[in-house]
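Text of the file model.csv, holding CSV, C-alpha atoms:
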chain,number,residue,atom,x,y,z
K,1,MET,CA,24.6,-37.8,20.5
K,2,LYS,CA,21.5,-37.6,18.4
K,3,LEU,CA,19.4,-36.9,21.5
K,4,LYS,CA,21.8,-34.1,22.4
K,5,TYR,CA,21.3,-32.5,18.9
K,6,PHE,CA,17.5,-33.0,19.2
K,7,HIS,CA,17.4,-31.1,22.5
K,8,LEU,CA,19.5,-28.4,21.0
K,9,LEU,CA,17.0,-28.1,18.1
K,10,ILE,CA,14.1,-27.8,20.5
K,11,VAL,CA,15.9,-25.0,22.3
K,12,LEU,CA,16.6,-23.1,19.0
K,13,ILE,CA,12.9,-23.4,18.0
K,14,PHE,CA,11.9,-22.1,21.4
K,15,LEU,CA,14.2,-19.1,21.1
K,16,THR,CA,13.1,-18.4,17.6
K,17,LYS,CA,9.5,-18.2,18.8
K,18,ILE,CA,10.4,-15.9,21.6
K,19,ASN,CA,12.3,-13.6,19.2
K,20,SER,CA,9.6,-13.6,16.6
K,21,GLN,CA,6.9,-11.9,18.7
K,22,THR,CA,4.6,-9.5,17.0
K,23,THR,CA,5.6,-5.8,16.8
K,24,ALA,CA,2.1,-4.6,15.8
K,25,SER,CA,0.6,-2.1,18.2
K,26,LYS,CA,-2.7,-2.6,20.0
K,27,GLN,CA,-4.3,-0.2,17.6
K,28,VAL,CA,-4.0,-2.8,14.8
K,29,ILE,CA,-6.8,-5.4,14.4
K,30,LYS,CA,-7.4,-8.1,11.8
K,31,ILE,CA,-10.6,-9.1,10.0
K,32,ASN,CA,-11.4,-11.5,7.2
K,33,ILE,CA,-13.7,-10.4,4.5
K,34,ASP,CA,-15.2,-12.3,1.6
K,35,SER,CA,-14.3,-11.1,-1.9
K,36,PRO,CA,-16.7,-12.2,-4.6
K,37,GLU,CA,-14.6,-10.2,-7.1
K,38,LEU,CA,-11.5,-12.4,-6.3
K,39,HIS,CA,-13.3,-15.5,-5.3
K,40,THR,CA,-11.5,-15.8,-2.0
K,41,ASP,CA,-11.3,-14.5,1.6
K,42,LYS,CA,-9.0,-11.6,2.2
K,43,THR,CA,-7.2,-10.8,5.5
K,44,ILE,CA,-7.4,-7.1,6.3
K,45,TRP,CA,-5.3,-5.3,8.9
K,46,ILE,CA,-6.9,-2.2,10.3
K,47,TYR,CA,-5.1,0.6,12.2
K,48,LEU,CA,-7.3,2.8,14.2
K,49,PRO,CA,-6.0,6.1,15.6
K,50,LYS,CA,-5.1,6.1,19.3
K,51,ASN,CA,-7.9,8.6,20.1
K,52,TYR,CA,-10.5,6.7,18.0
K,53,GLU,CA,-12.4,5.2,21.0
K,54,ASN,CA,-12.5,8.5,22.9
K,55,SER,CA,-13.7,10.8,20.2
K,56,LYS,CA,-16.5,11.2,17.7
K,57,THR,CA,-14.1,12.4,15.0
K,58,ARG,CA,-14.3,11.0,11.5
K,59,PHE,CA,-11.0,10.1,9.9
K,60,PRO,CA,-9.4,9.9,6.4
K,61,VAL,CA,-8.7,6.4,5.2
K,62,ILE,CA,-5.6,5.1,3.5
K,63,TYR,CA,-5.9,1.8,1.7
K,64,MET,CA,-2.5,0.1,1.5
K,65,HIS,CA,-1.3,-3.1,-0.1
K,66,ASP,CA,1.0,-5.9,1.1
K,67,ALA,CA,-0.4,-5.6,4.7
K,68,GLN,CA,2.0,-8.3,5.9
K,69,ASN,CA,4.9,-5.7,5.6
K,70,LEU,CA,3.2,-2.6,7.2
K,71,PHE,CA,2.8,-3.2,10.9
K,72,ASP,CA,4.5,-6.4,12.1
K,73,ALA,CA,8.1,-7.6,11.8
K,74,GLU,CA,6.9,-11.1,12.4
K,75,SER,CA,4.8,-11.2,9.2
K,76,ALA,CA,7.0,-8.9,7.1
K,77,TYR,CA,9.1,-10.4,4.3
K,78,ALA,CA,12.1,-8.2,4.8
K,79,GLY,CA,11.4,-5.7,7.6
K,80,GLU,CA,8.2,-3.7,8.3
K,81,TRP,CA,7.2,-0.2,7.4
K,82,GLN,CA,6.4,0.7,11.1
K,83,VAL,CA,3.2,2.5,9.9
K,84,ASP,CA,1.5,2.1,13.3
K,85,GLU,CA,4.6,3.4,15.2
K,86,TYR,CA,4.8,6.5,13.0
K,87,LEU,CA,1.1,7.4,13.2
K,88,GLY,CA,1.0,6.6,16.9
K,89,GLY,CA,3.7,9.2,17.5
K,90,LEU,CA,1.7,12.0,15.9
K,91,ALA,CA,0.0,14.6,18.1
K,92,ASN,CA,-3.0,14.7,15.9
K,93,ASN,CA,-4.2,14.3,12.3
K,94,GLU,CA,-4.0,10.6,12.3
K,95,SER,CA,-5.8,8.4,9.7
K,96,ILE,CA,-7.4,5.0,9.6
K,97,ILE,CA,-5.1,2.6,7.7
K,98,VAL,CA,-6.6,-0.4,5.9
K,99,GLY,CA,-3.9,-2.9,4.9
K,100,ILE,CA,-4.9,-5.6,2.4
K,101,GLU,CA,-2.8,-8.8,2.6
K,102,HIS,CA,-1.3,-9.8,-0.8
K,103,GLY,CA,-2.4,-13.1,-2.2
K,104,ASN,CA,1.1,-14.8,-2.0
K,105,GLU,CA,1.5,-16.6,-5.3
K,106,LYS,CA,-1.4,-14.5,-6.6
K,107,ARG,CA,0.3,-11.2,-5.8
K,108,ILE,CA,1.3,-10.4,-9.4
K,109,GLU,CA,-2.1,-11.4,-10.6
K,110,GLU,CA,-3.9,-9.1,-8.2
K,111,LEU,CA,-1.7,-6.0,-8.4
K,112,THR,CA,-1.3,-5.7,-12.2
K,113,PRO,CA,-4.1,-4.3,-14.3
K,114,TYR,CA,-2.7,-5.8,-17.5
K,115,LYS,CA,-1.4,-9.2,-18.3
K,116,HIS,CA,2.3,-9.4,-19.0
K,117,GLU,CA,3.6,-11.8,-21.7
K,118,LYS,CA,6.2,-13.4,-19.4
K,119,HIS,CA,5.0,-12.8,-15.9
K,120,GLY,CA,1.3,-13.2,-16.3
K,121,GLY,CA,-1.0,-11.2,-14.0
K,122,GLY,CA,-3.7,-8.9,-15.2
K,123,ASN,CA,-6.4,-9.3,-12.6
K,124,GLY,CA,-5.9,-5.8,-11.1
K,125,ASN,CA,-9.4,-4.6,-12.2
K,126,ALA,CA,-11.0,-7.3,-10.0
K,127,TYR,CA,-8.7,-6.4,-7.1
K,128,MET,CA,-9.6,-2.7,-7.4
K,129,ASN,CA,-13.3,-3.6,-7.7
K,130,PHE,CA,-12.9,-5.5,-4.5
K,131,ILE,CA,-11.6,-2.4,-2.7
K,132,LYS,CA,-14.1,-0.1,-4.3
K,133,ASN,CA,-17.3,-2.3,-4.1
K,134,THR,CA,-16.8,-4.5,-1.1
K,135,LEU,CA,-14.0,-3.4,1.2
K,136,LYS,CA,-14.5,0.4,1.2
K,137,PRO,CA,-18.3,0.1,1.8
K,138,HIS,CA,-17.6,-2.2,4.7
K,139,ILE,CA,-15.0,0.1,6.2
K,140,ASP,CA,-17.2,3.2,5.8
K,141,GLN,CA,-20.1,1.4,7.4
K,142,SER,CA,-18.1,-0.1,10.3
K,143,TYR,CA,-15.9,2.9,11.2
K,144,ARG,CA,-16.1,6.6,11.5
K,145,THR,CA,-14.5,7.6,8.2
K,146,LYS,CA,-14.5,10.5,5.8
K,147,PRO,CA,-15.7,8.6,2.8
K,148,GLU,CA,-15.2,11.3,0.2
K,149,ALA,CA,-12.5,10.9,-2.5
K,150,GLU,CA,-10.5,13.8,-1.2
K,151,TYR,CA,-10.0,11.9,2.1
K,152,THR,CA,-9.4,8.5,0.5
K,153,THR,CA,-5.9,7.4,-0.5
K,154,LEU,CA,-4.4,4.4,-2.2
K,155,PHE,CA,-0.8,3.7,-1.2
K,156,GLY,CA,1.8,1.0,-2.0
K,157,SER,CA,5.2,0.1,-3.3
K,158,SER,CA,6.5,-1.8,-6.4
K,159,LEU,CA,3.4,-3.6,-7.8
K,160,GLY,CA,1.5,-1.9,-5.0
K,161,GLY,CA,2.7,1.5,-6.3
K,162,LEU,CA,1.5,0.5,-9.8
K,163,ILE,CA,-2.0,-0.6,-8.7
K,164,SER,CA,-2.3,2.5,-6.4
K,165,PHE,CA,-1.6,4.8,-9.3
K,166,TYR,CA,-3.9,2.9,-11.6
K,167,GLY,CA,-6.7,3.0,-9.1
K,168,VAL,CA,-6.7,6.8,-8.7
K,169,ILE,CA,-6.6,7.3,-12.4
K,170,LYS,CA,-9.4,4.8,-13.0
K,171,TYR,CA,-11.7,5.7,-10.1
K,172,PRO,CA,-11.0,9.4,-9.2
K,173,GLU,CA,-14.5,9.8,-7.9
K,174,VAL,CA,-13.6,7.2,-5.2
K,175,PHE,CA,-9.8,7.7,-4.6
K,176,GLY,CA,-8.4,11.2,-4.6
K,177,LYS,CA,-4.8,10.6,-3.7
K,178,ALA,CA,-2.0,8.0,-4.3
K,179,GLY,CA,1.2,7.2,-2.5
K,180,VAL,CA,3.3,5.7,-5.3
K,181,PHE,CA,6.6,4.2,-4.1
K,182,SER,CA,8.9,2.6,-6.7
K,183,PRO,CA,6.1,1.8,-9.1
K,184,SER,CA,6.5,-1.2,-11.4
K,185,PHE,CA,5.4,0.7,-14.5
K,186,TRP,CA,7.8,-1.6,-16.6
K,187,ILE,CA,5.5,-4.6,-16.2
K,188,ASN,CA,2.5,-2.8,-17.5
K,189,PRO,CA,3.6,-0.1,-20.0
K,190,GLU,CA,0.0,0.0,-21.1
K,191,ILE,CA,-0.5,2.3,-18.2
K,192,TYR,CA,0.9,5.3,-20.2
K,193,ASP,CA,-1.7,4.9,-22.9
K,194,PHE,CA,-4.4,4.6,-20.2
K,195,VAL,CA,-3.3,7.9,-18.7
K,196,LYS,CA,-3.2,9.6,-22.1
K,197,SER,CA,-6.8,8.5,-22.9
K,198,THR,CA,-8.3,9.3,-19.4
K,199,GLU,CA,-9.5,12.6,-18.0
K,200,ILE,CA,-7.8,13.2,-14.7
K,201,PRO,CA,-9.3,15.6,-12.1
K,202,LYS,CA,-7.1,18.6,-11.3
K,203,SER,CA,-7.7,17.8,-7.6
K,204,SER,CA,-6.0,14.3,-7.8
K,205,LYS,CA,-2.7,14.2,-5.8
K,206,PHE,CA,0.3,12.0,-6.4
K,207,TYR,CA,3.4,11.4,-4.2
K,208,PHE,CA,6.1,9.5,-6.1
K,209,LEU,CA,9.2,8.0,-4.6
K,210,ALA,CA,12.1,6.3,-6.5
K,211,GLY,CA,15.7,5.5,-5.7
K,212,THR,CA,18.6,5.8,-8.1
K,213,ASN,CA,19.8,2.3,-7.1
K,214,GLU,CA,16.6,0.5,-8.1
K,215,SER,CA,16.1,-0.8,-11.6
K,216,GLU,CA,17.9,0.7,-14.6
K,217,ASP,CA,14.6,2.3,-15.8
K,218,MET,CA,12.9,3.2,-12.5
K,219,VAL,CA,13.7,6.9,-12.5
K,220,LYS,CA,13.3,7.3,-16.2
K,221,ASP,CA,9.8,5.6,-16.1
K,222,LEU,CA,8.8,7.8,-13.2
K,223,GLU,CA,9.9,11.0,-14.9
K,224,LYS,CA,8.0,9.9,-18.1
K,225,MET,CA,4.8,9.5,-16.0
K,226,THR,CA,5.1,12.8,-14.2
K,227,ALA,CA,5.6,14.6,-17.5
K,228,LEU,CA,2.5,12.9,-18.9
K,229,LEU,CA,0.5,14.0,-15.9
K,230,ASN,CA,1.6,17.6,-16.5
K,231,LEU,CA,0.4,17.3,-20.1
K,232,LYS,CA,-2.9,16.0,-18.8
K,233,GLY,CA,-3.4,19.2,-16.8
K,234,VAL,CA,-2.4,17.9,-13.3
K,235,LYS,CA,-0.7,20.9,-11.6
K,236,ASN,CA,2.8,20.7,-10.2
K,237,LYS,CA,1.5,21.5,-6.7
K,238,ASN,CA,-0.5,18.2,-6.8
K,239,ILE,CA,2.6,16.1,-7.9
K,240,LYS,CA,5.5,15.4,-5.6
K,241,SER,CA,8.3,13.4,-7.2
K,242,ASN,CA,11.1,12.4,-4.8
K,243,ILE,CA,14.1,10.9,-6.4
K,244,VAL,CA,16.5,9.7,-3.7
K,245,GLU,CA,20.2,9.2,-4.5
K,246,GLY,CA,21.2,5.7,-3.5
K,247,GLY,CA,17.7,4.5,-2.7
K,248,LYS,CA,17.1,0.8,-3.1
K,249,HIS,CA,14.0,-1.3,-3.9
K,250,ASN,CA,13.3,-2.5,-0.4
K,251,GLU,CA,11.2,-2.1,2.7
K,252,THR,CA,13.8,-0.1,4.6
K,253,PHE,CA,13.7,2.6,1.9
K,254,TRP,CA,10.0,2.7,1.7
K,255,SER,CA,9.6,2.8,5.5
K,256,ALA,CA,12.0,5.7,5.8
K,257,TYR,CA,9.8,7.9,3.5
K,258,PHE,CA,6.3,6.9,4.6
K,259,GLY,CA,6.1,9.7,7.0
K,260,GLU,CA,7.1,12.4,4.5
K,261,ALA,CA,4.6,11.1,1.9
K,262,TYR,CA,1.9,10.9,4.5
K,263,GLN,CA,2.5,14.5,5.6
K,264,TRP,CA,2.5,15.8,2.0
K,265,LEU,CA,-0.6,14.0,1.0
K,266,TYR,CA,-2.5,15.3,4.0

For the file at hand, write its structure as structure tokens.
Amino acid sequence: MKLKYFHLLIVLIFLTKINSQTTASKQVIKINIDSPELHTDKTIWIYLPKNYENSKTRFPVIYMHDAQNLFDAESAYAGEWQVDEYLGGLANNESIIVGIEHGNEKRIEELTPYKHEKHGGGNGNAYMNFIKNTLKPHIDQSYRTKPEAEYTTLFGSSLGGLISFYGVIKYPEVFGKAGVFSPSFWINPEIYDFVKSTEIPKSSKFYFLAGTNESEDMVKDLEKMTALLNLKGVKNKNIKSNIVEGGKHNETFWSAYFGEAYQWLY
């Protein structure tokens, strides 16, 4: 009887492996890059436009966080964003996507610019310096990019939305646009004072997304931030705030609106 159950277990494991094949397109490659800022190696997923090899075109670059969830259902925590499928379906105007894997147990540490009393974190400056000083120069040197700030975007959700917004505010000369989905402003309320004390170029662009079925304060915090950006002189035409009735804090929600945010930002 035990042997029978053992054989059944082997079959289940085999079927699981068959059903967990990668869904990432052939346009997605992986590299490892040393990060002296974070004292670790980072795994980077890179999506190259389908016409990259057959053209001399230079492309905008979008730096995205939580790379495990962007392209591949096999590595995604709760469903992938299908970024490669969306971009691959466009007739033109594609971009290079650079996905940065989160550091698992170090995710909060890397994606928060300030330390939280209960949840810790606060190493977001080192993470942003890794993107700015190590990763972006490597990408610009290795691929045909448009390196200027107006063609360089930070994009993420939850903590990734927080650090994307922070990065564009802190380094506007490097990052000109931000895709900010369901940002966790609650964990770092210091971000509001940072915005108040910082000069923001009028050319910076922000696409915000939030659902009414996320946290109790998500929509309120987002509205507070967009009002603050207006006070700082950022024009309404450079701010898109999309509040979705019934939207929840999950990959399915974010995946559904990636295309709209991408089109608006570019």

### Query
Looking at all atoms listed in the file, which of K:Ser157, K:Ser55, K:Thr112, K:Asn125 is the one that sits closest to K:Ser255?
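Comparing K:Ser157, K:Ser55, K:Thr112, K:Asn125 against K:Ser255, the winner is K:Ser157.
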
#### Entry: Contact residues around K:Glu214 with all atoms listed in the file at 10 Å, ignoring same-chain residues under 4 positions, as a PyMOL selection string
chain K and resi 182+210+218-219+246-250

## Note on the structure
K:Leu159 proximity check over K:Thr40, K:Asn188, K:Thr145, K:Ser25, using only C-alpha atoms: winner is K:Asn188

### Query
Expressed in Å to a single decimal, how great is the separation between atom CA of K:Ile97 and atom CA of K:Gly233?
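Separation of atom CA of K:Ile97 and atom CA of K:Gly233: 29.6 Å.
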
### Task
Using all atoms listed in the file, pick whichever of K:Val28, K:Gly99, K:Thr23, K:Gly88 has the shortest atom-to-atom distance to K:Thr43.
K:Gly99

### Task
Just give me the gap between atom CA of K:Asn213 and atom CA of K:Lys118 in Å, one decimal is fine.
24.1 Å

### Message
Restricting the calculation to only C-alpha atoms: of K:Glu105, K:Asp140, K:Glu85, K:Glu117, which residue gets closest to K:Pro60?
### Response
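Ranking K:Glu105, K:Asp140, K:Glu85, K:Glu117 by distance to K:Pro60, first place goes to K:Asp140.
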
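Note that the spacing between atom CA of K:Trp264 and atom CA of K:Ala149 amounts to 16.4 Å.
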
Please report as JSON lines every residue of stretch 86-151 of chain K lying within 7 Å of stretch 161-168 of chain K, along with the nearest atom pair and their distance in Å (one decimal), using only C-alpha atoms.
{"residue": "K:Leu111", "atom": "CA", "partner": "K:Ile163", "partner_atom": "CA", "distance": 5.4}
{"residue": "K:Thr112", "atom": "CA", "partner": "K:Ile163", "partner_atom": "CA", "distance": 6.2}
{"residue": "K:Gly124", "atom": "CA", "partner": "K:Ile163", "partner_atom": "CA", "distance": 6.9}
{"residue": "K:Met128", "atom": "CA", "partner": "K:Gly167", "partner_atom": "CA", "distance": 6.6}

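The nearest approach to K:Gly259 among the residues K:His102, K:Thr57, K:Gly89, K:Glu223, with only C-alpha atoms taken into account, belongs to K:Gly89.
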
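Of the residues under consideration (K:Lys106, K:His39, K:Lys50, K:Arg58), K:His39 shows the shortest atom-to-atom contact distance to K:Phe130 when counting only C-alpha atoms.
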
### Task
Counting all atoms listed in the file, write as a list of chain:residue names all protein and nucleic acid residues lying at most 9 Å from (-3.1, -6.5, 14.4) in the file's frame.
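Within the cut-off we find K:Thr22, K:Ala24, K:Ser25, K:Lys26, K:Gln27, K:Val28, K:Ile29, K:Lys30, K:Trp45, K:Ile46, K:Tyr47, K:Phe71, K:Asp72.
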